[in-house]
file final-v9.cif (mmCIF, C-alpha atoms)
data_start
loop_
_atom_site.label_atom_id
_atom_site.label_comp_id
_atom_site.auth_asym_id
_atom_site.auth_seq_id
_atom_site.Cartn_x
_atom_site.Cartn_y
_atom_site.Cartn_z
CA TYR A 1 3.35 15.34 -5.99
CA GLY A 2 5.34 13.41 -3.45
CA ASP A 3 4.20 10.60 -1.19
CA TYR A 4 5.83 8.11 1.21
CA ARG A 5 4.22 5.43 3.37
CA PHE A 6 5.76 2.93 5.79
CA THR A 7 3.85 -0.08 7.16
CA TYR A 8 4.97 -2.55 9.82
CA THR A 9 3.12 -5.85 10.11
CA GLY A 10 3.64 -8.18 13.04
CA VAL A 11 2.78 -11.81 12.22
CA THR A 12 2.05 -13.14 15.69
CA ASP A 13 0.83 -16.69 15.09
CA TRP A 14 1.25 -18.42 11.73
CA ASP A 15 0.61 -22.03 12.73
CA TYR A 16 -0.22 -25.34 11.07
CA ASP A 17 -1.22 -28.61 12.82
CA ALA A 18 -2.17 -31.98 11.33
CA TRP A 19 -3.14 -35.40 12.67
CA GLY A 20 -2.95 -38.68 10.70
CA TYR A 21 -5.16 -41.72 11.48
CA ASP A 22 -5.23 -45.32 10.28
CA SER A 23 -8.24 -45.65 7.95
CA THR A 24 -9.18 -49.08 9.29
CA SER A 25 -8.73 -48.79 13.04
CA GLY A 26 -9.07 -45.03 13.38
CA ASP A 27 -5.98 -44.97 15.62
CA LEU A 28 -3.87 -41.83 15.71
CA GLU A 29 -0.55 -42.59 13.97
CA LEU A 30 1.14 -39.26 13.27
CA THR A 31 1.06 -35.64 14.41
CA MET A 32 2.68 -32.65 12.72
CA SER A 33 2.92 -29.14 14.12
CA THR A 34 4.49 -25.97 12.72
CA SER A 35 4.57 -22.66 14.59
CA VAL A 36 5.94 -19.55 12.87
CA SER A 37 6.00 -15.83 13.66
CA GLY A 38 7.75 -12.83 12.16
CA ALA A 39 7.49 -9.31 10.80
CA GLU A 40 7.00 -7.54 7.47
CA TYR A 41 8.32 -4.09 6.54
CA ARG A 42 6.72 -2.27 3.62
CA HIS A 43 7.74 0.97 1.84
CA ASP A 44 5.65 2.79 -0.77
CA ALA A 45 6.82 5.99 -2.45
CA LEU A 46 5.62 8.22 -5.29
CA LEU A 47 7.11 11.23 -7.04
CA GLY A 48 5.60 12.99 -10.02
CA ALA A 49 3.85 15.97 -11.57
CA GLY A 50 0.70 16.91 -13.44
CA PHE A 51 0.68 19.64 -16.08
CA PRO A 52 -1.42 20.95 -19.02
CA LEU A 53 -0.69 19.35 -22.38
CA GLY A 54 -2.72 20.19 -25.47
CA PRO A 55 -6.46 20.11 -24.77
CA GLY A 56 -6.00 17.94 -21.69
CA ARG A 57 -3.75 17.30 -18.74
CA MET A 58 -0.70 15.02 -18.47
CA GLY A 59 0.64 13.19 -15.43
CA LEU A 60 4.09 11.63 -15.05
CA PHE A 61 4.76 9.56 -11.92
CA PHE A 62 7.54 7.32 -10.60
CA THR A 63 6.63 4.82 -7.90
CA TYR A 64 8.50 2.37 -5.70
CA GLU A 65 7.01 -0.56 -3.82
CA GLY A 66 9.18 -2.60 -1.45
CA MET A 67 8.59 -5.28 1.15
CA ARG A 68 10.79 -7.44 3.36
CA GLY A 69 9.40 -10.28 5.44
CA ASP A 70 11.34 -12.36 7.96
CA TYR A 71 9.78 -15.31 9.78
CA ASP A 72 11.05 -18.18 11.90
CA GLY A 73 9.62 -21.06 13.87
CA ASP A 74 9.70 -24.78 14.61
CA TYR A 75 8.40 -27.94 12.98
CA MET A 76 7.71 -31.13 14.99
CA GLU A 77 6.62 -34.55 13.77
CA GLY A 78 5.97 -37.87 15.50
CA TYR A 79 3.64 -39.90 17.69
CA PRO A 80 3.24 -40.70 20.56
CA ALA A 81 6.18 -38.36 21.23
CA PRO A 82 7.74 -35.91 18.75
CA ALA A 83 10.60 -37.74 17.01
CA TRP A 84 11.61 -35.10 14.46
CA PHE A 85 12.41 -31.44 15.11
CA GLU A 86 13.29 -28.75 12.60
CA THR A 87 13.89 -25.04 12.80
CA ILE A 88 12.40 -22.98 9.95
CA GLU A 89 13.54 -19.60 8.67
CA MET A 90 11.75 -17.86 5.79
CA GLN A 91 12.27 -14.62 3.87
CA ASN A 92 9.96 -12.80 1.49
CA GLY A 93 11.19 -9.86 -0.62
CA LEU A 94 9.73 -7.46 -3.19
CA ASP A 95 11.17 -4.48 -5.08
CA ALA A 96 9.05 -2.85 -7.80
CA PHE A 97 9.86 0.31 -9.77
CA ALA A 98 7.23 1.78 -12.09
CA LEU A 99 6.77 4.67 -14.51
CA ASN A 100 3.17 5.84 -14.99
CA LEU A 101 2.02 8.06 -17.86
CA ILE A 102 -1.53 9.46 -17.44
CA TYR A 103 -3.49 11.66 -19.81
CA GLY A 104 -7.03 13.00 -19.52
CA LEU A 105 -9.12 15.39 -21.56
CA PRO A 106 -12.72 16.57 -21.89
CA LEU A 107 -14.46 15.62 -25.13
CA GLY A 108 -18.04 16.55 -25.98
CA GLY A 109 -19.35 16.47 -22.43
CA LEU A 110 -17.32 13.37 -21.57
CA ASN A 111 -14.04 12.98 -19.69
CA LEU A 112 -11.61 10.54 -21.29
CA GLY A 113 -8.53 9.16 -19.58
CA GLY A 114 -5.73 6.78 -20.35
CA GLU A 115 -2.80 5.35 -18.41
CA VAL A 116 0.27 3.35 -19.36
CA GLN A 117 2.55 1.78 -16.76
CA PHE A 118 5.89 0.06 -17.25
CA ALA A 119 7.20 -1.69 -14.16
CA TYR A 120 10.27 -3.70 -13.23
CA ARG A 121 9.64 -6.20 -10.42
CA GLN A 122 11.92 -8.40 -8.33
CA GLU A 123 10.23 -11.05 -6.17
CA LYS A 124 11.93 -13.60 -3.95
CA LYS A 125 10.85 -16.24 -1.45
CA GLU A 126 13.30 -18.45 0.47
CA VAL A 127 12.98 -21.10 3.15
CA TYR A 128 15.77 -22.64 5.22
CA ASP A 129 14.97 -25.56 7.53
CA TYR A 130 17.48 -27.49 9.59
CA THR A 131 18.00 -30.02 12.37
CA SER A 132 21.11 -30.38 14.55
CA THR A 133 22.84 -32.41 11.80
CA ALA A 134 21.37 -31.39 8.41
CA ALA A 135 19.89 -28.43 6.55
CA TRP A 136 17.74 -27.87 3.45
CA LEU A 137 17.76 -24.63 1.45
CA ASN A 138 14.64 -23.85 -0.58
CA ASP A 139 12.89 -27.16 -0.18
CA PHE A 140 9.26 -27.31 -1.35
CA TYR A 141 7.62 -29.27 1.47
CA PHE A 142 6.04 -26.26 3.20
CA PRO A 143 3.24 -25.33 0.77
CA GLN A 144 1.14 -24.05 3.69
CA TYR A 145 3.72 -21.23 3.92
CA LEU A 146 5.45 -20.67 0.57
CA TYR A 147 6.88 -22.10 -2.63
CA PRO A 148 10.47 -20.85 -3.17
CA TYR A 149 11.48 -18.74 -6.18
CA ASP A 150 13.75 -15.86 -7.25
CA SER A 151 12.09 -13.88 -10.06
CA GLU A 152 12.52 -10.65 -11.96
CA TYR A 153 10.42 -9.42 -14.85
CA TRP A 154 8.97 -6.43 -16.68
CA GLU A 155 5.26 -5.69 -16.72
CA ALA A 156 3.20 -3.46 -19.03
CA LEU A 157 -0.21 -2.27 -17.81
CA PHE A 158 -2.80 -0.26 -19.73
CA LYS A 159 -5.91 1.52 -18.53
CA GLY A 160 -8.65 3.49 -20.25
CA SER A 161 -11.57 5.30 -18.63
CA LEU A 162 -14.68 7.16 -19.66
CA GLU A 163 -16.78 9.43 -17.44
CA GLY A 164 -20.00 11.23 -18.27
CA ALA A 165 -23.64 11.77 -17.42
CA VAL A 166 -26.55 9.55 -18.45
CA GLY A 167 -29.61 11.43 -17.35
CA PRO A 168 -29.19 12.08 -13.61
CA LEU A 169 -26.52 9.36 -13.31
CA ASP A 170 -22.80 10.07 -13.23
CA VAL A 171 -21.19 7.04 -14.91
CA GLU A 172 -17.51 6.10 -14.87
CA PHE A 173 -16.19 3.01 -16.66
CA THR A 174 -12.59 1.79 -16.58
CA LEU A 175 -11.04 -1.09 -18.52
CA ARG A 176 -7.53 -2.30 -17.73
CA GLY A 177 -5.16 -5.09 -18.65
CA GLY A 178 -1.53 -6.00 -18.98
CA PHE A 179 1.08 -8.65 -19.48
CA ILE A 180 4.51 -9.77 -18.24
CA PHE A 181 7.53 -9.78 -20.56
CA CYS A 182 11.29 -10.41 -20.31
CA GLY A 183 10.81 -12.59 -17.23
CA ASP A 184 13.60 -14.56 -15.57
CA ASN A 185 13.21 -17.08 -12.76
CA GLU A 186 15.68 -19.17 -10.74
CA TRP A 187 15.25 -21.86 -8.10
CA TYR A 188 18.37 -23.06 -6.35
CA SER A 189 18.05 -25.77 -3.69
CA GLU A 190 20.67 -27.44 -1.54
CA TYR A 191 20.96 -30.24 1.05
CA GLN A 192 23.75 -30.04 3.65
CA THR A 193 25.00 -32.64 6.11
CA PRO A 194 26.63 -31.76 8.33
CA ILE A 195 25.38 -28.16 8.21
CA GLY A 196 27.66 -26.10 6.00
CA ASP A 197 28.79 -29.09 3.89
CA PRO A 198 26.62 -29.35 0.70
CA GLN A 199 25.91 -32.89 -0.48
CA GLU A 200 23.18 -32.43 -3.09
CA ALA A 201 21.81 -29.45 -5.01
CA TRP A 202 19.90 -28.41 -8.08
CA ASP A 203 19.89 -25.16 -10.03
CA MET A 204 16.90 -24.48 -12.27
CA ASP A 205 16.54 -21.48 -14.58
CA GLY A 206 13.43 -20.48 -16.44
CA GLY A 207 11.02 -17.61 -16.96
CA VAL A 208 7.96 -15.78 -15.72
CA GLN A 209 4.84 -15.36 -17.84
CA GLY A 210 1.48 -13.84 -17.04
CA TRP A 211 -1.35 -11.50 -17.89
CA GLN A 212 -4.28 -9.72 -16.27
CA ILE A 213 -7.53 -8.02 -17.21
CA GLY A 214 -10.21 -6.18 -15.30
CA GLY A 215 -12.70 -3.36 -15.20
CA ASP A 216 -14.66 -1.01 -12.92
CA LEU A 217 -18.12 0.49 -13.28
CA TRP A 218 -19.09 3.35 -10.95
CA LEU A 219 -22.64 4.73 -10.90
CA ARG A 220 -23.45 7.80 -8.79
CA TYR A 221 -27.04 8.91 -8.37
CA PRO A 222 -27.62 12.32 -6.75
CA LEU A 223 -30.69 12.53 -4.53
CA GLY A 224 -30.35 16.22 -3.74
CA ASP A 225 -29.50 18.08 -0.56
CA GLY A 226 -25.87 16.91 -0.79
CA LEU A 227 -26.81 13.21 -0.81
CA THR A 228 -25.38 10.80 -3.42
CA LEU A 229 -25.75 7.04 -3.83
CA PRO A 230 -22.65 5.38 -5.37
CA VAL A 231 -22.67 1.81 -6.77
CA LEU A 232 -19.58 -0.19 -7.76
CA VAL A 233 -19.03 -3.30 -9.87
CA ARG A 234 -15.38 -4.41 -10.22
CA VAL A 235 -13.84 -7.51 -11.84
CA ASN A 236 -10.17 -8.57 -11.89
CA TYR A 237 -8.45 -11.70 -13.18
CA GLN A 238 -4.73 -12.42 -13.29
CA GLN A 239 -2.52 -15.41 -14.01
CA LYS A 240 1.20 -15.83 -13.40
CA THR A 241 3.43 -18.83 -14.16
CA ARG A 242 7.01 -19.44 -13.06
CA ASP A 243 8.98 -22.36 -14.44
CA GLY A 244 12.51 -23.67 -14.74
CA ASP A 245 14.76 -26.60 -15.48
CA GLY A 246 18.37 -27.44 -14.86
CA PRO A 247 20.95 -29.98 -13.69
CA GLY A 248 21.56 -31.66 -10.41
CA LEU A 249 24.84 -30.79 -8.71
CA LEU A 250 27.30 -32.53 -6.36
CA ASP A 251 26.17 -36.09 -5.49
CA ILE A 252 23.21 -35.91 -7.90
CA ALA A 253 25.20 -34.58 -10.85
CA GLY A 254 23.77 -36.15 -13.99
CA ASP A 255 20.17 -35.87 -12.79
CA TYR A 256 17.90 -33.31 -14.42
CA PHE A 257 15.09 -31.28 -12.84
CA ASP A 258 12.15 -29.23 -14.07
CA TYR A 259 9.17 -27.53 -12.42
CA GLU A 260 6.22 -25.20 -13.00
CA HIS A 261 4.37 -22.98 -10.51
CA GLU A 262 1.11 -21.37 -11.63
CA GLU A 263 -1.00 -18.83 -9.70
CA LYS A 264 -4.54 -17.73 -10.62
CA ASP A 265 -6.62 -14.99 -8.95
CA PHE A 266 -10.17 -13.87 -9.65
CA VAL A 267 -11.92 -11.10 -7.68
CA LEU A 268 -15.46 -9.77 -8.11
CA THR A 269 -16.67 -6.79 -6.05
CA VAL A 270 -20.25 -5.52 -5.93
CA GLY A 271 -21.57 -2.91 -3.55
CA GLY A 272 -22.66 0.61 -2.85
CA GLY A 273 -23.32 3.15 -0.18
CA VAL A 274 -24.09 6.76 0.53
CA ASP A 275 -22.13 10.03 0.38
CA LYS A 276 -23.44 13.05 2.27
CA VAL A 277 -22.25 16.66 2.30
CA LEU A 278 -22.96 18.34 5.64
CA GLY A 279 -23.01 22.08 5.18
CA THR A 280 -19.85 23.55 3.70
CA ASP A 281 -17.32 22.00 6.07
CA SER A 282 -18.00 18.28 6.38
CA LYS A 283 -18.53 15.14 4.32
CA ILE A 284 -19.35 11.60 5.40
CA ALA A 285 -19.55 8.34 3.46
CA ALA A 286 -20.52 4.75 4.18
CA GLY A 287 -20.46 1.68 1.99
CA ILE A 288 -21.01 -2.05 2.11
CA TYR A 289 -19.49 -4.42 -0.45
CA TYR A 290 -19.48 -8.11 -1.32
CA ASN A 291 -16.20 -9.63 -2.54
CA TYR A 292 -15.94 -12.99 -4.27
CA ILE A 293 -12.26 -14.02 -4.11
CA GLN A 294 -10.80 -17.11 -5.76
CA HIS A 295 -7.13 -18.13 -5.51
CA ARG A 296 -5.41 -21.29 -6.77
CA GLU A 297 -1.78 -22.40 -7.00
CA ASP A 298 -0.45 -25.45 -8.89
CA PHE A 299 3.11 -26.58 -8.22
CA PHE A 300 4.76 -29.45 -10.13
CA TRP A 301 8.34 -30.76 -9.62
CA ARG A 302 10.12 -33.64 -11.39
CA GLN A 303 13.54 -35.28 -11.03
CA ASP A 304 14.90 -37.40 -13.89
CA ALA A 305 17.88 -39.60 -12.96
CA GLY A 306 18.32 -41.13 -16.43
CA GLY A 307 17.89 -44.73 -17.44
CA GLY A 308 14.12 -44.39 -17.10
CA MET A 309 14.28 -43.45 -13.41
CA TRP A 310 12.21 -40.42 -12.33
CA TRP A 311 10.17 -39.00 -9.44
CA SER A 312 7.55 -36.25 -9.37
CA ASN A 313 5.58 -34.24 -6.80
CA ASP A 314 2.47 -32.21 -7.58
CA PHE A 315 0.73 -29.81 -5.17
CA ILE A 316 -2.60 -28.10 -5.78
CA PHE A 317 -2.66 -25.78 -2.79
CA PRO A 318 -4.01 -23.37 -1.83
CA ASP A 319 -7.21 -23.69 -3.83
CA GLY A 320 -9.90 -21.65 -2.17
CA ILE A 321 -12.95 -19.43 -2.50
CA LYS A 322 -13.75 -16.62 -0.09
CA HIS A 323 -17.10 -14.84 0.27
CA GLN A 324 -16.35 -11.55 2.01
CA ALA A 325 -18.52 -8.75 3.38
CA LEU A 326 -16.77 -5.38 3.70
CA VAL A 327 -18.04 -2.26 5.49
CA ARG A 328 -16.34 1.14 5.15
CA LEU A 329 -16.95 4.43 6.92
CA ALA A 330 -15.19 7.70 6.12
CA GLY A 331 -15.46 11.35 7.06
CA GLU A 332 -13.83 14.73 6.41
CA HIS A 333 -14.15 18.04 8.27
CA SER A 334 -12.57 21.41 7.47
CA LEU A 335 -11.44 23.25 10.57
CA SER A 336 -10.47 26.27 8.48
CA PRO A 337 -9.59 27.08 4.86
CA ALA A 338 -6.06 25.87 5.65
CA VAL A 339 -6.71 22.73 7.73
CA ALA A 340 -8.91 19.68 7.13
CA LEU A 341 -9.16 16.42 9.06
CA ARG A 342 -10.25 13.05 7.68
CA GLY A 343 -10.59 9.54 9.02
CA GLY A 344 -11.80 6.11 8.04
CA LEU A 345 -12.86 2.79 9.56
CA SER A 346 -13.26 -0.56 7.83
CA PHE A 347 -14.30 -4.06 8.83
CA PHE A 348 -14.47 -7.27 6.82
CA TYR A 349 -15.56 -10.82 7.49
CA GLY A 350 -15.02 -13.68 5.07
CA TRP A 351 -16.27 -17.25 4.79
CA VAL A 352 -13.58 -19.48 3.28
CA ASN A 353 -13.95 -22.82 1.49
CA TRP A 354 -10.74 -24.54 0.43
CA GLU A 355 -9.37 -27.69 -1.16
CA GLY A 356 -5.91 -29.19 -1.50
CA GLU A 357 -4.27 -32.16 -3.16
CA TYR A 358 -0.80 -33.73 -3.18
CA ASN A 359 0.35 -36.39 -5.67
CA TYR A 360 3.58 -38.41 -5.72
CA ASN A 361 4.55 -40.64 -8.69
CA ASP A 362 7.70 -42.51 -9.74
CA PHE A 363 9.06 -44.79 -12.45
CA LEU A 364 8.29 -47.94 -10.43
CA GLY A 365 4.58 -47.25 -10.67
CA SER A 366 4.37 -46.18 -7.04
CA TRP A 367 1.98 -43.35 -6.32
CA ASP A 368 0.51 -41.58 -3.35
CA THR A 369 -2.38 -39.11 -3.22
CA LEU A 370 -3.55 -36.93 -0.34
CA GLN A 371 -6.79 -34.98 -0.70
CA ALA A 372 -8.28 -32.52 1.75
CA SER A 373 -10.98 -29.87 1.96
CA GLY A 374 -12.35 -27.61 4.65
CA HIS A 375 -13.66 -24.22 5.63
CA GLY A 376 -12.87 -21.31 7.88
CA SER A 377 -13.08 -17.59 8.46
CA HIS A 378 -11.01 -14.51 7.72
CA TRP A 379 -11.84 -11.21 9.41
CA GLY A 380 -10.15 -7.90 10.06
CA ILE A 381 -10.58 -4.32 11.18
CA GLY A 382 -8.65 -1.19 10.22
CA ALA A 383 -8.62 2.52 10.93
CA SER A 384 -6.88 5.58 9.49
CA LEU A 385 -6.53 9.25 10.41
CA GLY A 386 -5.10 12.04 8.29
CA ALA A 387 -5.08 15.77 7.67
CA THR A 388 -4.47 18.37 4.97
CA ILE A 389 -2.51 21.50 5.92
CA ARG A 390 -2.43 24.09 3.15
CA PHE A 391 0.25 26.75 2.67
CA ALA A 392 0.67 29.34 -0.07
CA GLN A 393 2.47 27.12 -2.58
CA PHE A 394 2.07 23.59 -1.21
CA ALA A 395 0.06 21.34 1.08
CA LEU A 396 1.09 18.65 3.54
CA GLU A 397 -1.00 15.55 4.20
CA PRO A 398 0.27 13.43 7.12
CA PHE A 399 -1.57 10.20 7.90
CA VAL A 400 -1.45 7.15 10.20
CA SER A 401 -3.21 3.79 9.97
CA GLY A 402 -3.45 0.48 11.78
CA GLY A 403 -5.40 -2.73 11.94
CA TYR A 404 -5.66 -6.40 12.83
CA GLN A 405 -6.78 -9.49 10.90
CA GLN A 406 -7.14 -13.19 11.66
CA LEU A 407 -7.38 -16.27 9.40
CA ASP A 408 -8.62 -19.61 10.80
CA LEU A 409 -8.99 -22.73 8.64
CA GLU A 410 -9.75 -26.36 9.37
CA GLY A 411 -10.36 -29.44 7.28
CA ASP A 412 -9.96 -33.17 6.80
CA GLY A 413 -9.03 -35.56 4.05
CA GLU A 414 -7.96 -38.99 2.88
CA ALA A 415 -4.75 -40.65 1.69
CA PHE A 416 -4.55 -43.28 -1.07
CA ASP A 417 -1.85 -45.43 -2.65
CA ALA A 418 -1.84 -48.45 -4.97
CA GLY A 419 -3.42 -50.50 -2.20
CA GLY A 420 -6.36 -48.13 -1.82
CA LEU A 421 -7.40 -45.95 1.10
CA TYR A 422 -4.85 -46.17 3.92
CA GLY A 423 -5.14 -43.00 5.98
CA LEU A 424 -7.33 -40.19 7.23
CA HIS A 425 -6.16 -36.83 8.45
CA GLU A 426 -7.33 -33.58 10.02
CA GLU A 427 -5.62 -30.21 9.91
CA GLU A 428 -5.88 -26.67 11.23
CA SER A 429 -4.07 -23.50 10.22
CA THR A 430 -4.15 -19.97 11.59
CA ARG A 431 -2.52 -16.65 10.83
CA GLY A 432 -2.94 -13.54 12.98
CA GLU A 433 -1.31 -10.22 12.20
CA TRP A 434 -1.49 -6.59 13.26
CA SER A 435 -0.18 -3.59 11.37
CA ILE A 436 0.65 0.03 11.97
CA GLY A 437 1.87 2.60 9.52
CA GLY A 438 1.98 6.20 8.46
CA GLY A 439 3.40 8.61 5.99
CA LEU A 440 3.32 12.02 4.38
CA SER A 441 2.08 13.40 1.08
CA VAL A 442 3.23 16.72 -0.35
CA LEU A 443 1.36 18.63 -3.08
CA PHE A 444 3.22 21.57 -4.62
CA ASP A 445 1.99 24.69 -6.44
CA LEU A 446 -1.67 24.40 -5.64
CA PRO A 447 -3.98 26.73 -7.57
#
call {"tool": "encode", "arguments": {"input": "final-v9.cif", "output": "structure tokens"}}
result
Amino acid sequence: YGDYRFTYTGVTDWDYDAWGYDSTSGDLELTMSTSVSGAEYRHDALLGAGFPLGPGRMGLFFTYEGMRGDYDGDYMEGYPAPAWFETIEMQNGLDAFALNLIYGLPLGGLNLGGEVQFAYRQEKKEVYDYTSTAAWLNDFYFPQYLYPYDSEYWEALFKGSLEGAVGPLDVEFTLRGGFIFCGDNEWYSEYQTPIGDPQEAWDMDGGVQGWQIGGDLWLRYPLGDGLTLPVLVRVNYQQKTRDGDGPGLLDIAGDYFDYEHEEKDFVLTVGGGVDKVLGTDSKIAAGIYYNYIQHREDFFWRQDAGGGMWWSNDFIFPDGIKHQALVRLAGEHSLSPAVALRGGLSFFYGWVNWEGEYNYNDFLGSWDTLQASGHGSHWGIGASLGATIRFAQFALEPFVSGGYQQLDLEGDGEAFDAGGLYGLHEEESTRGEWSIGGGLSVLFDLP
């Protein structure tokens, strides 16, 4: 087997706007606006083979997953006129190499399967923001976009499946899980003024830890005349933590820094549909699914200057729940024994509820807390078209795909310090993106 896919994503409007008001008078005191756009380039490749082994069949596959994202934009702050301008540049990178070992065999009317995957992953996020006189590398004050890190780690994933018949039902159950090991993480940050002349920096080294678990349950009930009703229940949970500590450099030599960044994801999918065989040449399928999606990130940073002097920042953002409805349509038609066409269409709409919190504390007893919550929508549409062209010893499967999605969020919140409530704020964020891609699969030595 061989497969390659390329996907281009254009991020057209990735914007964030906020307004701050005096809690007593209600007067507008501060506006903030960030506008970013960019592009993402994704490569997915697979190479492997399946062959008989003992009473079953073995599969050995190598995969590569890569992504590069480049974004830039502007940040403005001030009222009644913008008094602070920054230019923002961000990069997002991923390289993942995996070896998959798959084995399946029939056993007493059941089909058993197992899979082991060992993967090496490199993940990196960077942000560079600057004015005409100063620059900051990998600061952490843009949580609405990214938290910076430079990570590499190994991951072991395991999967077991069981398929068989229970009366008229075809039942397939899969259980999977895995963990991260040998993780390394670095966060280097630097302040320059003038640009190109570093004044302060820190260099933190740490690790990456994490685990995941999940399962699928497929039920297929045949109604006869080529009609089948499939039902799916799927659950996934994963947790990943990056951390680090290290010294301050240059003008803050002698200070010490530490941080922790934790991500949690939970996804529940429930749904079903209908599969229909039309004669001997065509198949169609339709399904509707409900997705419950929960994502939360906690980011804590602390600077210790010695002598009892310290400062800390703590972000809980994003922290959201999405209720999503997903509709899928698919079809396949054989033009001849050598050529088949297939296509698909999908649409989703999600209702989003989110919360966020920021806390500042220091050794003087000063503290500041900002809390916010809101709601919004996330929708998208996608389409794909492909074909199978069979030859004597191999088959080619070219395919193309494309789509668009839009995220719109809004909310409000309050700001507190030692003196009590002092501010109110409103905020809006949007992200629109379109994608187009395609690729080719090759299957050799078909029976």
call {"tool": "resolve_selection", "arguments": {"input": "final-v9.cif", "expression": "the PyMOL selection byres ((chain A and resi 13) around 9)", "output": "ChimeraX atom specification"}}
result
/A:11-12,14-15,35-38,430-433
call {"tool": "residues_around", "arguments": {"input": "final-v9.cif", "residues": "Glu263 in chain A", "least_positions_apart": "6", "cutoff": "6 Å", "atoms": "all atoms listed in the file", "output": "JSON, numbers by chain"}}
result
{"A": [239, 240, 296, 297]}
call {"tool": "residues_around", "arguments": {"input": "final-v9.cif", "residues": "Ser161 in chain A", "least_positions_apart": "3", "cutoff": "7 Å", "atoms": "all atoms listed in the file", "output": "list in words"}}
result
Leu112, Gly113, Gly114, Phe173, Thr174 and Leu175 of chain A
call {"tool": "resolve_selection", "arguments": {"input": "final-v9.cif", "expression": "the PyMOL selection byres ((chain A and resi 260) around 6)", "output": "mmCIF file with C-alpha atoms, in the coordinates of the input"}}
result
data_model
loop_
_atom_site.group_PDB
_atom_site.id
_atom_site.type_symbol
_atom_site.label_atom_id
_atom_site.label_comp_id
_atom_site.auth_asym_id
_atom_site.auth_seq_id
_atom_site.Cartn_x
_atom_site.Cartn_y
_atom_site.Cartn_z
ATOM 1 C CA ARG A 242 7.010 -19.440 -13.060
ATOM 2 C CA ASP A 243 8.980 -22.360 -14.440
ATOM 3 C CA TYR A 259 9.170 -27.530 -12.420
ATOM 4 C CA HIS A 261 4.370 -22.980 -10.510
ATOM 5 C CA PHE A 299 3.110 -26.580 -8.220
ATOM 6 C CA PHE A 300 4.760 -29.450 -10.130
#
call {"tool": "closest_residue", "arguments": {"input": "final-v9.cif", "among": "A:His295, A:Gln212, A:Pro337, A:Asn361", "to": "Met309 in chain A", "atoms": "all atoms listed in the file"}}
result
A:Asn361
call {"tool": "residues_around", "arguments": {"input": "final-v9.cif", "residues": "range 131-135 of chain A", "least_positions_apart": "2", "cutoff": "7 Å", "atoms": "all atoms listed in the file", "output": "PyMOL selection string"}}
result
chain A and resi 85-87+129+137+191-195
call {"tool": "resolve_selection", "arguments": {"input": "final-v9.cif", "expression": "the PyMOL selection byres ((chain A and resi 329) around 9)", "output": "list of chain:residue names"}}
result
A:Ile284, A:Ala285, A:Ala286, A:Gly287, A:Val327, A:Arg328, A:Ala330, A:Gly331, A:Gly343, A:Gly344, A:Leu345, A:Ser346
call {"tool": "residues_around", "arguments": {"input": "final-v9.cif", "residues": "Asp298 in chain A", "least_positions_apart": "4", "cutoff": "6 Å", "atoms": "only C-alpha atoms", "output": "compact mmCIF listing (two decimals) with C-alpha atoms, keeping the file's coordinate frame"}}
result
# COMPACT_ATOMS: atom_id res chain seq x y z
CA HIS A 261 4.37 -22.98 -10.51
CA GLU A 262 1.11 -21.37 -11.63
CA PHE A 315 0.73 -29.81 -5.17
CA ILE A 316 -2.60 -28.10 -5.78
call {"tool": "atom_distance", "arguments": {"input": "final-v9.cif", "atom1": "CA of Ile288 in chain A", "atom2": "CA of Ile381 in chain A"}}
result
14.0 Å
call {"tool": "residues_around", "arguments": {"input": "final-v9.cif", "residues": "Gly108 in chain A", "least_positions_apart": "4", "cutoff": "12 Å", "atoms": "all atoms listed in the file", "output": "PyMOL selection string"}}
result
chain A and resi 112+162-165
call {"tool": "closest_residue", "arguments": {"input": "final-v9.cif", "among": "A:Val352, A:Val267, A:Ala119, A:Ala253", "to": "Ala305 in chain A", "atoms": "all atoms listed in the file"}}
result
A:Ala253
call {"tool": "residues_near_point", "arguments": {"input": "final-v9.cif", "point": "(-18.4, 2.1, -3.8)", "cutoff": "8 Å", "atoms": "only C-alpha atoms", "output": "list in words"}}
result
Trp218, Pro230, Val231, Leu232, Gly271, Gly272, Gly273, Gly287, Ile288 and Tyr289 of chain A
call {"tool": "atom_distance", "arguments": {"input": "final-v9.cif", "atom1": "CA of Gly248 in chain A", "atom2": "CA of Gln303 in chain A"}}
result
8.8 Å
